[in-house]
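Raw contents of protein.txt, compact mmCIF, C-alpha atoms:
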```
# COMPACT_ATOMS: atom_id res chain seq x y z
CA MET A 14 97.87 86.89 118.32
CA SER A 15 98.22 90.03 120.41
CA MET A 16 101.39 92.03 120.64
CA LYS A 17 104.19 91.34 123.10
CA VAL A 18 106.95 93.67 124.24
CA GLN A 19 110.33 92.92 125.73
CA THR A 20 112.51 95.76 126.92
CA ARG A 21 116.30 95.86 127.11
CA GLN A 22 119.01 98.48 127.43
CA VAL A 23 122.03 98.79 125.16
CA ASP A 24 124.50 101.68 125.53
CA GLY A 25 121.89 104.03 126.95
CA VAL A 26 119.28 103.18 124.35
CA THR A 27 116.06 101.45 125.34
CA ILE A 28 115.17 98.77 122.81
CA LEU A 29 111.60 97.54 122.68
CA ASP A 30 111.43 94.17 120.92
CA LEU A 31 107.88 93.96 119.62
CA SER A 32 106.19 90.83 118.29
CA GLY A 33 102.73 90.00 117.01
CA ARG A 34 100.12 92.36 115.63
CA ILE A 35 99.85 96.12 116.09
CA THR A 36 96.16 96.78 115.58
CA LEU A 37 93.32 98.74 117.12
CA GLY A 38 92.64 97.47 120.62
CA GLU A 39 95.61 95.12 120.66
CA GLY A 40 99.13 96.36 120.05
CA SER A 41 98.27 100.04 119.74
CA VAL A 42 97.61 100.51 123.43
CA THR A 43 100.59 98.34 124.34
CA ILE A 44 102.96 100.53 122.33
CA ARG A 45 101.54 103.69 123.84
CA ASP A 46 101.90 102.36 127.38
CA SER A 47 105.39 100.96 126.75
CA VAL A 48 106.76 104.19 125.33
CA ARG A 49 105.13 106.16 128.14
CA ASP A 50 106.78 103.86 130.71
CA VAL A 51 110.20 104.30 129.12
CA LEU A 52 109.85 108.09 129.12
CA ALA A 53 108.62 108.04 132.73
CA LYS A 54 111.78 106.20 133.72
CA GLY A 55 113.87 109.01 132.28
CA SER A 56 115.00 107.44 129.02
CA ASN A 57 114.14 109.18 125.77
CA ARG A 58 116.34 107.29 123.33
CA ILE A 59 114.10 104.53 122.08
CA LEU A 60 114.55 101.92 119.37
CA LEU A 61 111.47 99.99 118.29
CA ASN A 62 112.46 96.59 116.91
CA LEU A 63 109.63 95.61 114.55
CA GLY A 64 111.35 92.49 113.16
CA ASP A 65 108.71 90.15 114.60
CA ILE A 66 105.68 92.28 113.83
CA SER A 67 103.51 90.17 111.56
CA TYR A 68 100.82 92.74 110.89
CA ILE A 69 100.06 96.39 111.40
CA ASP A 70 96.90 98.33 110.53
CA SER A 71 96.22 102.06 110.21
CA SER A 72 95.68 102.33 113.95
CA GLY A 73 99.08 100.75 114.54
CA ILE A 74 100.71 103.10 112.05
CA GLY A 75 99.06 106.00 113.84
CA GLU A 76 100.40 104.75 117.13
CA LEU A 77 103.95 104.62 115.75
CA VAL A 78 103.56 108.21 114.58
CA SER A 79 102.20 109.29 117.96
CA ALA A 80 105.07 107.56 119.74
CA PHE A 81 107.53 109.29 117.41
CA THR A 82 106.09 112.75 118.09
CA THR A 83 105.75 112.13 121.84
CA VAL A 84 109.40 111.15 122.16
CA LYS A 85 110.53 113.96 119.88
CA ASN A 86 108.55 116.51 121.90
CA SER A 87 110.28 115.26 125.04
CA GLY A 88 113.62 116.09 123.45
CA GLY A 89 114.43 112.48 122.63
CA GLU A 90 114.71 110.23 119.60
CA LEU A 91 112.63 107.25 118.49
CA LYS A 92 113.88 105.07 115.66
CA LEU A 93 112.63 101.94 113.93
CA LEU A 94 114.60 98.73 113.44
CA ASN A 95 114.13 95.67 111.22
CA LEU A 96 111.01 96.48 109.27
CA THR A 97 109.29 93.53 107.64
CA LYS A 98 108.36 93.96 103.99
CA LYS A 99 104.71 94.50 104.94
CA VAL A 100 105.50 97.27 107.39
CA HIS A 101 108.07 98.80 105.04
CA ASP A 102 105.53 98.88 102.20
CA LEU A 103 102.87 100.45 104.42
CA LEU A 104 105.24 103.19 105.56
CA GLN A 105 106.13 103.86 101.93
CA ILE A 106 102.49 104.06 100.84
CA THR A 107 101.63 106.42 103.68
CA LYS A 108 104.75 108.56 102.98
CA LEU A 109 106.01 107.93 106.51
CA TYR A 110 109.15 106.02 105.60
CA THR A 111 111.19 109.21 105.36
CA VAL A 112 109.60 110.66 108.51
CA PHE A 113 111.02 107.86 110.64
CA ASP A 114 114.70 107.07 111.01
CA VAL A 115 114.67 103.44 109.89
CA LYS A 116 117.60 101.09 110.52
CA ASP A 117 118.35 97.54 109.41
CA ASP A 118 121.16 96.78 111.83
CA GLU A 119 120.97 97.04 115.62
CA ALA A 120 124.57 98.10 116.22
CA THR A 121 124.33 100.81 113.57
CA ALA A 122 121.04 101.94 115.03
CA ILE A 123 122.47 102.16 118.56
CA SER A 124 125.49 104.18 117.44
CA SER A 125 123.27 106.58 115.45
CA PHE A 126 121.58 107.98 118.56
CA THR A 127 122.80 111.35 119.74
CA LYS A 128 125.28 110.86 122.56
CA MET B 23 71.29 81.71 84.02
CA VAL B 24 73.12 80.63 87.13
CA ASP B 25 76.77 81.66 87.21
CA SER B 26 78.71 78.85 88.83
CA ASN B 27 81.55 81.29 89.58
CA SER B 28 79.32 83.46 91.78
CA SER B 29 78.70 83.16 95.49
CA ARG B 30 77.49 85.48 98.23
CA VAL B 31 77.57 85.38 102.01
CA SER B 32 76.32 87.99 104.46
CA PHE B 33 76.69 88.56 108.22
CA THR B 34 75.00 90.86 110.71
CA LEU B 35 77.37 91.49 113.60
CA ASP B 36 77.74 93.40 116.85
CA SER B 37 79.70 96.65 116.96
CA SER B 38 82.81 95.07 118.46
CA LEU B 39 86.44 94.36 117.70
CA ASP B 40 85.56 90.65 117.62
CA SER B 41 83.33 91.44 114.66
CA VAL B 42 86.19 93.29 112.98
CA ASN B 43 88.44 90.25 113.41
CA LYS B 44 85.75 87.93 112.05
CA ILE B 45 85.18 90.12 108.99
CA GLU B 46 88.92 90.35 108.34
CA LEU B 47 89.30 86.56 108.57
CA THR B 48 86.34 86.00 106.26
CA ALA B 49 87.78 88.45 103.74
CA GLU B 50 91.05 86.54 103.77
CA GLN B 51 89.28 83.21 103.21
CA VAL B 52 86.99 84.52 100.48
CA ALA B 53 89.89 86.20 98.67
CA GLN B 54 91.85 82.97 98.87
CA ARG B 55 88.95 80.96 97.43
CA ALA B 56 88.53 83.55 94.68
CA GLY B 57 92.10 82.81 93.59
CA PHE B 58 93.87 86.04 94.46
CA ASP B 59 97.63 85.75 94.85
CA GLU B 60 99.48 85.73 98.15
CA ASP B 61 100.48 89.39 97.84
CA THR B 62 96.96 90.60 97.10
CA ILE B 63 95.09 88.59 99.75
CA PRO B 64 96.60 90.50 102.74
CA HIS B 65 95.86 93.79 101.00
CA ILE B 66 92.20 92.86 100.54
CA ALA B 67 92.00 91.63 104.14
CA MET B 68 93.54 94.86 105.41
CA ALA B 69 91.22 97.06 103.35
CA VAL B 70 88.22 95.13 104.65
CA ARG B 71 89.52 95.35 108.22
CA GLU B 72 89.90 99.12 107.89
CA ALA B 73 86.34 99.39 106.56
CA ALA B 74 85.06 97.26 109.44
CA VAL B 75 86.97 99.34 111.99
CA ASN B 76 85.44 102.49 110.52
CA ALA B 77 81.97 100.96 110.80
CA VAL B 78 82.40 99.77 114.38
CA LEU B 79 84.43 102.68 115.75
CA HIS B 80 83.52 105.80 113.77
CA GLY B 81 80.12 104.66 112.53
CA ASN B 82 78.45 102.84 115.38
CA SER B 83 80.82 104.06 118.14
CA TYR B 84 80.77 100.56 119.71
CA ASP B 85 77.02 101.03 120.38
CA THR B 86 75.67 97.64 121.43
CA ASN B 87 72.26 98.54 120.00
CA LYS B 88 73.71 99.06 116.52
CA HIS B 89 74.95 96.42 114.12
CA ILE B 90 77.17 96.18 111.11
CA VAL B 91 76.35 94.16 108.02
CA ALA B 92 79.13 92.63 105.97
CA SER B 93 78.59 90.84 102.69
CA PHE B 94 81.06 89.08 100.44
CA GLU B 95 80.17 88.41 96.83
CA THR B 96 82.38 86.67 94.33
CA THR B 97 81.39 87.14 90.70
CA SER B 98 83.09 85.95 87.56
CA ASP B 99 85.19 89.09 87.37
CA SER B 100 85.28 90.64 90.86
CA LEU B 101 85.27 90.23 94.60
CA ILE B 102 82.73 92.67 96.04
CA ILE B 103 82.63 93.39 99.78
CA ARG B 104 80.05 95.63 101.38
CA ILE B 105 80.31 96.90 104.97
CA ALA B 106 77.40 98.89 106.37
CA ASP B 107 76.95 100.64 109.72
CA GLN B 108 74.11 102.49 111.43
CA GLY B 109 76.11 105.57 112.37
CA PRO B 110 75.66 109.27 111.59
CA GLY B 111 77.03 108.93 108.06
CA LEU B 112 80.41 109.59 106.52
CA ASP B 113 81.20 112.14 103.83
CA PRO B 114 84.38 110.85 102.17
CA ASP B 115 85.07 114.28 100.70
CA LYS B 116 85.51 115.65 104.22
CA VAL B 117 88.15 113.12 105.23
CA PRO B 118 91.51 114.94 105.42
CA ASP B 119 94.27 113.80 103.06
CA PRO B 120 96.71 111.86 105.30
CA LEU B 121 99.56 112.55 102.89
CA ALA B 122 99.23 116.33 103.16
CA PRO B 123 102.20 117.83 105.06
CA GLU B 124 99.92 119.23 107.77
CA ASN B 125 98.43 115.76 108.37
CA ILE B 126 101.42 113.49 107.94
CA LEU B 127 102.14 113.33 111.70
CA ARG B 128 98.54 112.78 112.74
CA GLY B 129 97.93 109.72 114.89
CA SER B 130 94.86 108.63 112.91
CA GLY B 131 93.02 109.15 109.62
CA ARG B 132 94.76 106.68 107.30
CA GLY B 133 92.09 103.97 107.09
CA ILE B 134 90.15 105.17 104.06
CA PHE B 135 93.39 106.05 102.30
CA LEU B 136 94.62 102.46 102.73
CA ILE B 137 91.26 101.04 101.59
CA LYS B 138 91.53 103.07 98.38
CA ALA B 139 95.19 102.12 97.95
CA PHE B 140 94.49 98.38 98.12
CA MET B 141 91.16 98.05 96.29
CA ASP B 142 90.31 98.74 92.64
CA GLU B 143 87.06 100.55 93.39
CA VAL B 144 85.64 102.05 96.59
CA ASN B 145 82.14 103.48 96.75
CA PHE B 146 80.31 105.20 99.60
CA ARG B 147 76.53 105.13 99.95
CA GLN B 148 74.54 107.02 102.56
CA LEU B 149 71.89 104.86 104.23
CA HIS B 150 70.18 107.46 106.46
CA PRO B 151 71.23 106.47 109.01
CA GLY B 152 74.55 104.86 108.30
CA THR B 153 77.11 104.40 105.59
CA GLU B 154 77.76 101.48 103.28
CA LEU B 155 81.20 101.03 101.80
CA THR B 156 81.54 98.86 98.73
CA LEU B 157 85.03 97.54 98.08
CA ILE B 158 85.75 95.90 94.74
CA LYS B 159 88.81 93.96 93.65
CA HIS B 160 88.89 92.71 90.09
CA ARG B 161 89.88 89.13 89.40
CA THR B 162 92.35 88.56 86.63
CA PRO B 163 91.71 85.94 83.92
CA ALA B 164 94.40 83.72 85.44
CA GLN B 165 92.42 83.30 88.64
CA PRO B 166 90.38 80.10 88.66
CA GLY B 167 86.71 80.15 89.58
CA THR B 168 85.46 78.43 92.70
```
Rewrite the structure from the file as structure tokens, please.
Amino acid sequence: MSMKVQTRQVDGVTILDLSGRITLGEGSVTIRDSVRDVLAKGSNRILLNLGDISYIDSSGIGELVSAFTTVKNSGGELKLLNLTKKVHDLLQITKLYTVFDVKDDEATAISSFTK
Amino acid sequence: MVDSNSSRVSFTLDSSLDSVNKIELTAEQVAQRAGFDEDTIPHIAMAVREAAVNAVLHGNSYDTNKHIVASFETTSDSLIIRIADQGPGLDPDKVPDPLAPENILRGSGRGIFLIKAFMDEVNFRQLHPGTELTLIKHRTPAQPGT
């Protein structure tokens, strides 16, 4: 199953609800394009909801990191929401868990963005 | 003596993402048949996928004239997966450490690290041309033979 993205706005934050697999040639490109679109529209406060991501490989992890640095370099913030155990464990193993700002609750995540 | 717990299957595949997906699925099925638990099976499948991606992408560079060979061998004490490409060769000692502070924000370079994290043994062999990765996961005594 390839990855799907749905975009919504809450209090000035763009939430990307991702579902499916983030792997080389599937979700990786979709994430890159989605984040680029959001930035092009002038929003740089982005919350990636990974609650329905069933699988992520090293390419997908790399794409999350690239998205994080791209948004940060544009003066914005990118945070992660609702990690599954698999994704959580992978971010721990790769020492990226503390690099990202990871949230478990959408309302808390929204209010944590710089106003 | 024939070991009834042993089996071996091998594929020669194109340098494509379809091949990667096929190898990953086969790894999952073989690991399941070998009796690995539900936490370990996805780890084996992911390690094998990463090895296949390396072979297709970094080894053969999607070259349609080059192939990858994947073999899956279940012995009485281990699952042994070999993935070989026909690329320029890979020196594992030259792969940057993805956990080093200067590399932590890189957008790639975590595949071999994850393979090593999820498998018990990982060996590299130069084929001239190409590289063969051997991934080994040991079966525990509780795992039934097939």
If we count only C-alpha atoms and set the cut-off at 10 Å, which residues sit around Glu46 (chain B), ignoring sequence neighbours fewer than 5 positions away in its own chain? Please answer as an mmCIF file with C-alpha atoms, in the coordinates of the input.
```cif
data_model
loop_
_atom_site.group_PDB
_atom_site.id
_atom_site.type_symbol
_atom_site.label_atom_id
_atom_site.label_comp_id
_atom_site.auth_asym_id
_atom_site.auth_seq_id
_atom_site.Cartn_x
_atom_site.Cartn_y
_atom_site.Cartn_z
ATOM 1 C CA ASP B 40 85.560 90.650 117.620
ATOM 2 C CA SER B 41 83.330 91.440 114.660
ATOM 3 C CA GLN B 51 89.280 83.210 103.210
ATOM 4 C CA VAL B 52 86.990 84.520 100.480
ATOM 5 C CA PRO B 64 96.600 90.500 102.740
ATOM 6 C CA ILE B 66 92.200 92.860 100.540
ATOM 7 C CA ALA B 67 92.000 91.630 104.140
ATOM 8 C CA MET B 68 93.540 94.860 105.410
ATOM 9 C CA ALA B 69 91.220 97.060 103.350
ATOM 10 C CA VAL B 70 88.220 95.130 104.650
ATOM 11 C CA ARG B 71 89.520 95.350 108.220
ATOM 12 C CA GLU B 72 89.900 99.120 107.890
ATOM 13 C CA ALA B 73 86.340 99.390 106.560
ATOM 14 C CA ALA B 74 85.060 97.260 109.440
ATOM 15 C CA VAL B 75 86.970 99.340 111.990
#
```
Requested in this report: Could you please tell me, as a ChimeraX atom specification, which residues of chain B have an atom within 7 Å of chain A when using only C-alpha atoms?
Outcome: /B:121,127-130,132-133
Report task. Quick one: pull the distance between CA of Val42 (chain A) and CA of Gln105 (chain A), Å, one decimal. Result ->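 It comes out at 23.4 Å.
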Query raised in the report: Expressed in Å to a single decimal, how great is the separation between CA of Ser37 (chain B) and CA of Tyr84 (chain B)?
Result: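 Here the two named atoms are 4.9 Å from each other.
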Query raised in the report: Expressed in Å to a single decimal, how great is the separation between CA of Ile44 (chain A) and CA of Thr121 (chain A)?
Result: 23.1 Å
Exercise on region 117-121 of chain B, axis-aligned box with 5 Å per side, report centre and edge lengths in Å to one decimal, as lines of an AutoDock Vina configuration file:
```
center_x = 93.9
center_y = 113.4
center_z = 104.2
size_x = 21.4
size_y = 13.1
size_z = 12.5
```
Report task. Write out as JSON, numbers by chain which residues come within 6 Å of region 106-109 of chain B when counting all atoms listed in the file, dropping same-chain ones fewer than 4 positions away. Result -> {"B": [77, 81, 82, 90, 91, 151, 152, 153, 154]}
Query - Long-range neighbours of region 123-128 of chain A as a PyMOL selection string, 8 Å cut-off, all atoms listed in the file, 4 positions minimum in chain - result: chain A and resi 23-24+26+58+60+90+119
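For the residues B:Glu50, B:Val144, B:Thr34, B:Ile126, ranking by smallest atom-to-atom distance to Phe113 (chain A) using only C-alpha atoms places B:Ile126 first.
Between Asp85 (chain B) and the residues B:Asp142, B:Arg161, B:Leu149, B:Asp36, the shortest atom-to-atom distance, using all atoms listed in the file, involves B:Asp36.
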Query raised in the report: What would the list of residues within 10 Å of (111.4, 97.2, 126.1) (file frame) look like as a list in words, if all atoms listed in the file are what count?
Result: Lys17, Val18, Gln19, Thr20, Arg21, Gln22, Thr27, Ile28, Leu29, Asp30, Leu31, Ile44, Ser47, Val48, Asp50, Val51, Ile59, Leu60, Leu61 and Asn62 of chain A
Query - Shortest interatomic distance to Leu136 (chain B) - which of B:Lys116, B:Arg55, B:Lys44, B:His65, counting only C-alpha atoms - result: B:His65
Query raised in the report: For Leu52 (chain A), which residue among A:Lys85, A:Ser32, A:Gly64, A:Gly40 is the nearest when counting all atoms listed in the file?
Result: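 Between A:Lys85, A:Ser32, A:Gly64, A:Gly40, the residue approaching Leu52 (chain A) most closely is A:Lys85.
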